[in-house]
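So this one's protein-v3.cif, mmCIF, C-alpha atoms:
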data_entry
loop_
_atom_site.label_atom_id
_atom_site.label_comp_id
_atom_site.auth_asym_id
_atom_site.auth_seq_id
_atom_site.Cartn_x
_atom_site.Cartn_y
_atom_site.Cartn_z
CA MET A 30 98.83 80.32 95.55
CA ASN A 31 99.75 83.57 97.29
CA ILE A 32 101.59 84.03 100.55
CA GLN A 33 100.43 87.24 102.19
CA PRO A 34 101.96 88.65 105.38
CA TYR A 35 99.50 89.64 108.10
CA ILE A 36 101.00 91.98 110.66
CA PHE A 37 99.58 92.73 114.11
CA PHE A 38 100.13 96.07 115.84
CA GLU A 39 99.42 97.12 119.41
CA SER A 40 97.21 100.09 118.52
CA ASN A 41 98.82 102.01 115.65
CA CYS A 42 97.83 99.92 112.64
CA ALA A 43 96.06 102.80 110.87
CA GLU A 44 99.11 105.06 111.14
CA ALA A 45 101.47 102.27 110.04
CA MET A 46 99.38 101.24 107.04
CA ARG A 47 99.04 104.84 105.83
CA PHE A 48 102.81 105.16 106.16
CA TYR A 49 103.36 101.92 104.18
CA GLU A 50 100.91 103.09 101.51
CA LYS A 51 103.09 106.15 100.93
CA ALA A 52 106.52 104.51 101.42
CA LEU A 53 105.74 101.52 99.20
CA ARG A 54 103.61 103.50 96.72
CA GLY A 55 100.72 101.15 97.23
CA LYS A 56 96.96 101.51 97.57
CA LEU A 57 95.18 101.00 100.86
CA GLU A 58 92.08 99.17 99.66
CA MET A 59 90.48 98.49 103.01
CA MET A 60 90.77 99.68 106.58
CA VAL A 61 87.92 98.82 108.95
CA THR A 62 87.64 99.38 112.69
CA HIS A 63 85.97 96.88 114.98
CA ALA A 64 83.08 99.34 115.42
CA GLU A 65 82.47 99.22 111.65
CA MET A 66 81.91 95.46 111.69
CA PRO A 67 78.31 94.35 111.16
CA ASP A 68 76.58 93.71 114.49
CA PHE A 69 79.56 94.94 116.56
CA ASP A 70 78.83 94.53 120.27
CA ALA A 71 81.32 96.50 122.38
CA THR A 72 80.36 94.47 125.47
CA LYS A 73 82.01 91.40 123.92
CA PHE A 74 85.41 93.09 123.48
CA PRO A 75 87.96 94.69 125.80
CA PRO A 76 87.56 98.47 126.33
CA GLY A 77 89.03 100.55 123.50
CA THR A 78 88.60 97.82 120.90
CA ALA A 79 85.95 99.71 118.90
CA GLU A 80 88.46 102.25 117.51
CA ARG A 81 91.15 99.70 116.73
CA ILE A 82 91.68 98.39 113.22
CA MET A 83 90.00 95.02 112.70
CA HIS A 84 91.42 94.58 109.20
CA ALA A 85 93.52 96.57 106.72
CA ARG A 86 94.59 95.57 103.21
CA LEU A 87 97.35 97.29 101.24
CA VAL A 88 98.09 96.35 97.62
CA VAL A 89 101.54 97.07 96.21
CA ASP A 90 102.28 96.03 92.62
CA GLY A 91 99.71 93.25 92.85
CA GLN A 92 101.07 91.98 96.17
CA VAL A 93 99.06 92.18 99.39
CA LEU A 94 100.08 93.19 102.91
CA MET A 95 97.38 92.84 105.56
CA ALA A 96 97.31 94.02 109.15
CA SER A 97 95.22 94.74 112.22
CA ASP A 98 95.52 96.00 115.76
CA ASN A 99 95.72 93.56 118.63
CA GLY A 100 92.12 93.34 119.74
CA SER A 101 92.32 90.20 121.78
CA GLY A 102 92.75 91.81 125.18
CA MET A 103 95.89 89.71 125.59
CA PRO A 104 99.25 91.42 126.14
CA TYR A 105 100.99 92.47 122.94
CA ASP A 106 104.52 91.06 122.77
CA GLY A 107 105.61 92.99 119.68
CA MET A 108 106.65 91.58 116.34
CA LYS A 109 108.97 88.58 116.48
CA GLY A 110 110.25 85.73 114.38
CA PHE A 111 109.66 87.11 110.88
CA THR A 112 110.66 89.82 108.44
CA VAL A 113 108.86 91.26 105.44
CA THR A 114 111.13 91.01 102.39
CA LEU A 115 110.85 93.32 99.41
CA THR A 116 112.68 92.83 96.11
CA TYR A 117 113.14 95.55 93.50
CA PRO A 118 114.82 95.23 90.10
CA ASP A 119 115.86 98.88 90.32
CA VAL A 120 118.48 99.81 92.96
CA ALA A 121 117.34 103.44 93.16
CA GLU A 122 113.76 102.39 93.99
CA GLY A 123 115.01 99.83 96.51
CA LYS A 124 117.12 102.53 98.20
CA ARG A 125 114.18 104.95 98.26
CA VAL A 126 111.97 102.37 99.95
CA PHE A 127 114.70 101.28 102.38
CA ASP A 128 115.37 104.89 103.41
CA ALA A 129 111.65 105.57 103.88
CA LEU A 130 111.17 102.47 106.04
CA ALA A 131 114.35 103.17 108.04
CA GLU A 132 113.39 106.77 108.88
CA GLY A 133 112.70 106.88 112.60
CA GLY A 134 113.42 103.17 112.91
CA GLN A 135 116.54 101.09 113.48
CA VAL A 136 118.87 100.05 110.66
CA ARG A 137 120.09 96.51 111.31
CA MET A 138 122.23 96.28 108.15
CA PRO A 139 122.95 99.36 106.02
CA PHE A 140 121.79 99.29 102.41
CA GLY A 141 124.77 98.17 100.34
CA LYS A 142 126.29 95.69 97.91
CA THR A 143 126.20 91.97 98.66
CA PHE A 144 127.24 88.86 96.75
CA TRP A 145 123.62 88.18 95.72
CA ALA A 146 122.39 91.70 94.97
CA GLU A 147 123.59 95.11 93.93
CA ALA A 148 122.07 96.33 97.18
CA PHE A 149 120.49 94.88 100.31
CA GLY A 150 119.58 96.25 103.71
CA MET A 151 117.71 95.34 106.87
CA THR A 152 115.74 97.70 109.09
CA VAL A 153 113.04 97.71 111.72
CA ASP A 154 110.67 100.60 111.06
CA ARG A 155 109.31 102.98 113.69
CA PHE A 156 106.25 100.74 114.10
CA GLY A 157 108.34 97.66 114.93
CA THR A 158 108.00 95.85 111.59
CA PRO A 159 111.23 94.19 110.42
CA TRP A 160 112.08 94.60 106.72
CA MET A 161 114.70 93.28 104.31
CA VAL A 162 115.07 95.11 101.01
CA ASN A 163 116.81 93.52 98.00
CA ALA A 164 117.55 95.49 94.86
CA GLY A 165 119.23 94.60 91.58
CA LEU A 166 119.52 90.88 92.20
CA SER A 167 122.44 89.26 90.43
CA ASN A 168 120.33 86.08 90.00
CA PRO A 169 116.67 87.20 89.71
CA THR A 170 115.40 83.61 89.82
CA SER A 171 116.99 82.94 93.22
CA PRO A 172 114.56 82.66 96.13
CA THR A 173 116.23 85.51 98.03
#
Using structure tokens, write down the structure from this file.
Amino acid sequence: MNIQPYIFFESNCAEAMRFYEKALRGKLEMMVTHAEMPDFDATKFPPGTAERIMHARLVVDGQVLMASDNGSGMPYDGMKGFTVTLTYPDVAEGKRVFDALAEGGQVRMPFGKTFWAEAFGMTVDRFGTPWMVNAGLSNPTSPT
């Protein structure tokens, strides 16, 4: 079984996923707009939907992060009630990723030593996605 986060953006999914591809050193394997769907009928969607991302798939070290733009026509309330957690064995790589995600965003907890890891930090990136980054876990089998 895999658990794969699926993130919804207001209208900047393409920009966010390209940023994550670079920051996380992943590979964007798919990014499709609504207009690229087979048999897309713009009359069945709210105006502006055609250019929005219907589905994006980023693979990072065998793990998958998926996303799309809000295309429902309903108000977008932002991201709430979750965080995407990353765990790195190497502290330097964890710090690099944390710093990249934090740039232009809001650091909620600076990257530093904790009782469970050599380093941990929390940030909300400039796209509104909340992240927790663990690095150098003192107990690598713990669920943290």
Subject >> Point-to-point distance from atom CA of A:Phe156 to atom CA of A:Phe111, Å rounded to tenths >> reply: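 Atom CA of A:Phe111 lies at a distance of 14.4 Å from atom CA of A:Phe156.
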Could the residues of stretch 77-156 of chain A that have an atom at most 9 Å from stretch 53-62 of chain A be listed as a tab-separated table, each with its closest atom pair and the distance in Å to one decimal, counting only C-alpha atoms and ordered by chain and ascending residue number?
residue	atom	partner	partner_atom	distance
A:Thr78	CA	A:Thr62	CA	8.4
A:Ala79	CA	A:Thr62	CA	6.4
A:Glu80	CA	A:Thr62	CA	5.7
A:Arg81	CA	A:Thr62	CA	5.4
A:Ile82	CA	A:Thr62	CA	4.2
A:Met83	CA	A:Thr62	CA	5.0
A:His84	CA	A:Val61	CA	5.5
A:Ala85	CA	A:Met60	CA	4.2
A:Arg86	CA	A:Met59	CA	5.0
A:Leu87	CA	A:Leu57	CA	4.3
A:Val88	CA	A:Lys56	CA	5.3
A:Val89	CA	A:Gly55	CA	4.3
A:Asp90	CA	A:Gly55	CA	7.1
A:Ser97	CA	A:Met60	CA	8.7
A:Val126	CA	A:Leu53	CA	6.3
A:Ala129	CA	A:Leu53	CA	8.6
A:Leu130	CA	A:Leu53	CA	8.8
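Among the candidates A:Glu122, A:Asp154, A:Asp68, A:Glu44, the residue lying nearest to A:Val136 is A:Asp154 (atoms considered: only C-alpha atoms).
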Original post:
Between A:Pro118, A:Ala148, A:Met95, A:Thr112, which one has atoms that come closest to A:Ala45, using all atoms listed in the file?
Top reply: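 Ranked by minimum distance to A:Ala45, first place goes to A:Met95.
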Original post:
Separation of atom CA of A:Phe37 and atom CA of A:Met108, in Å?
Top reply: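 The value is 7.5 Å.
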Original post:
Hey, can you check how far atom CA of A:Arg155 sits from atom CA of A:Gly91?
Top reply: 24.9 Å
Original post:
Given the file above and the PyMOL selection byres ((chain A and resi 142) around 12), which residues are selected, and can you give them as JSON, numbers by chain?
Top reply: {"A": [120, 124, 138, 139, 140, 141, 143, 144, 145, 146, 147, 148, 149, 150, 162, 163, 164, 165, 166, 167]}
**OP:** Compare A:Leu94, A:Val153, A:Met103, A:Met161 by their minimum atom-to-atom distance to A:Tyr117, counting all atoms listed in the file, and give me the closest one.
**Re:**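 Checking each candidate against A:Tyr117, we get A:Met161 as the closest.
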Would you give the centre and edge lengths, in Å to one decimal, of a box along x, y and z around the listed atoms of stretch 123-138 of chain A, with 8 Å added to each side, as JSON?
{"center_x": 116.7, "center_y": 101.6, "center_z": 105.0, "size_x": 27.1, "size_y": 26.6, "size_z": 33.0}
**OP:** Could you tell me which residues the PyMOL selection byres ((chain A and resi 77) around 12) returns for this structure, as a list in words?
**Re:** Glu39, Ser40, Thr62, His63, Ala64, Ala71, Thr72, Lys73, Phe74, Pro75, Pro76, Thr78, Ala79, Glu80, Arg81, Ile82, Asp98, Asn99, Gly100, Ser101 and Gly102 of chain A
Could you add N, CA, C and O atoms to stretch 152-167 of chain A and give me the result as a PDB file, in the coordinates of the input?
ATOM      1  N   THR A 152     116.145  96.665 108.141  1.00  0.00           N
ATOM      2  CA  THR A 152     115.740  97.700 109.090  1.00  0.00           C
ATOM      3  C   THR A 152     114.495  97.254 109.836  1.00  0.00           C
ATOM      4  O   THR A 152     113.768  96.384 109.378  1.00  0.00           O
ATOM      5  N   VAL A 153     114.298  97.846 111.000  1.00  0.00           N
ATOM      6  CA  VAL A 153     113.040  97.710 111.720  1.00  0.00           C
ATOM      7  C   VAL A 153     112.441  99.108 111.731  1.00  0.00           C
ATOM      8  O   VAL A 153     113.085 100.056 112.197  1.00  0.00           O
ATOM      9  N   ASP A 154     111.252  99.254 111.169  1.00  0.00           N
ATOM     10  CA  ASP A 154     110.670 100.600 111.060  1.00  0.00           C
ATOM     11  C   ASP A 154     110.186 101.109 112.411  1.00  0.00           C
ATOM     12  O   ASP A 154     110.221 100.395 113.416  1.00  0.00           O
ATOM     13  N   ARG A 155     109.723 102.335 112.437  1.00  0.00           N
ATOM     14  CA  ARG A 155     109.310 102.980 113.690  1.00  0.00           C
ATOM     15  C   ARG A 155     108.069 102.337 114.314  1.00  0.00           C
ATOM     16  O   ARG A 155     107.723 102.625 115.456  1.00  0.00           O
ATOM     17  N   PHE A 156     107.412 101.439 113.578  1.00  0.00           N
ATOM     18  CA  PHE A 156     106.250 100.740 114.100  1.00  0.00           C
ATOM     19  C   PHE A 156     106.612  99.345 114.625  1.00  0.00           C
ATOM     20  O   PHE A 156     105.753  98.628 115.116  1.00  0.00           O
ATOM     21  N   GLY A 157     107.878  98.958 114.448  1.00  0.00           N
ATOM     22  CA  GLY A 157     108.340  97.660 114.930  1.00  0.00           C
ATOM     23  C   GLY A 157     108.364  96.565 113.887  1.00  0.00           C
ATOM     24  O   GLY A 157     108.714  95.421 114.199  1.00  0.00           O
ATOM     25  N   THR A 158     108.009  96.868 112.640  1.00  0.00           N
ATOM     26  CA  THR A 158     108.000  95.850 111.590  1.00  0.00           C
ATOM     27  C   THR A 158     109.406  95.683 111.028  1.00  0.00           C
ATOM     28  O   THR A 158     110.029  96.656 110.610  1.00  0.00           O
ATOM     29  N   PRO A 159     109.916  94.447 111.012  1.00  0.00           N
ATOM     30  CA  PRO A 159     111.230  94.190 110.420  1.00  0.00           C
ATOM     31  C   PRO A 159     111.126  94.018 108.899  1.00  0.00           C
ATOM     32  O   PRO A 159     110.215  93.355 108.414  1.00  0.00           O
ATOM     33  N   TRP A 160     112.060  94.636 108.181  1.00  0.00           N
ATOM     34  CA  TRP A 160     112.080  94.600 106.720  1.00  0.00           C
ATOM     35  C   TRP A 160     113.462  94.228 106.209  1.00  0.00           C
ATOM     36  O   TRP A 160     114.474  94.628 106.791  1.00  0.00           O
ATOM     37  N   MET A 161     113.489  93.490 105.094  1.00  0.00           N
ATOM     38  CA  MET A 161     114.700  93.280 104.310  1.00  0.00           C
ATOM     39  C   MET A 161     114.389  93.770 102.908  1.00  0.00           C
ATOM     40  O   MET A 161     113.338  93.431 102.354  1.00  0.00           O
ATOM     41  N   VAL A 162     115.287  94.567 102.342  1.00  0.00           N
ATOM     42  CA  VAL A 162     115.070  95.110 101.010  1.00  0.00           C
ATOM     43  C   VAL A 162     116.212  94.663 100.104  1.00  0.00           C
ATOM     44  O   VAL A 162     117.381  94.951 100.392  1.00  0.00           O
ATOM     45  N   ASN A 163     115.881  93.940  99.041  1.00  0.00           N
ATOM     46  CA  ASN A 163     116.810  93.520  98.000  1.00  0.00           C
ATOM     47  C   ASN A 163     116.611  94.405  96.788  1.00  0.00           C
ATOM     48  O   ASN A 163     115.467  94.757  96.467  1.00  0.00           O
ATOM     49  N   ALA A 164     117.682  94.711  96.095  1.00  0.00           N
ATOM     50  CA  ALA A 164     117.550  95.490  94.860  1.00  0.00           C
ATOM     51  C   ALA A 164     118.646  95.088  93.886  1.00  0.00           C
ATOM     52  O   ALA A 164     119.797  94.890  94.274  1.00  0.00           O
ATOM     53  N   GLY A 165     118.262  94.960  92.607  1.00  0.00           N
ATOM     54  CA  GLY A 165     119.230  94.600  91.580  1.00  0.00           C
ATOM     55  C   GLY A 165     119.847  93.251  91.812  1.00  0.00           C
ATOM     56  O   GLY A 165     121.058  93.104  91.887  1.00  0.00           O
ATOM     57  N   LEU A 166     119.009  92.226  91.933  1.00  0.00           N
ATOM     58  CA  LEU A 166     119.520  90.880  92.200  1.00  0.00           C
ATOM     59  C   LEU A 166     120.433  90.402  91.083  1.00  0.00           C
ATOM     60  O   LEU A 166     120.121  90.580  89.901  1.00  0.00           O
ATOM     61  N   SER A 167     121.542  89.777  91.459  1.00  0.00           N
ATOM     62  CA  SER A 167     122.440  89.260  90.430  1.00  0.00           C
ATOM     63  C   SER A 167     121.881  87.980  89.819  1.00  0.00           C
ATOM     64  O   SER A 167     122.229  87.627  88.712  1.00  0.00           O
TER      65      SER A 167
END
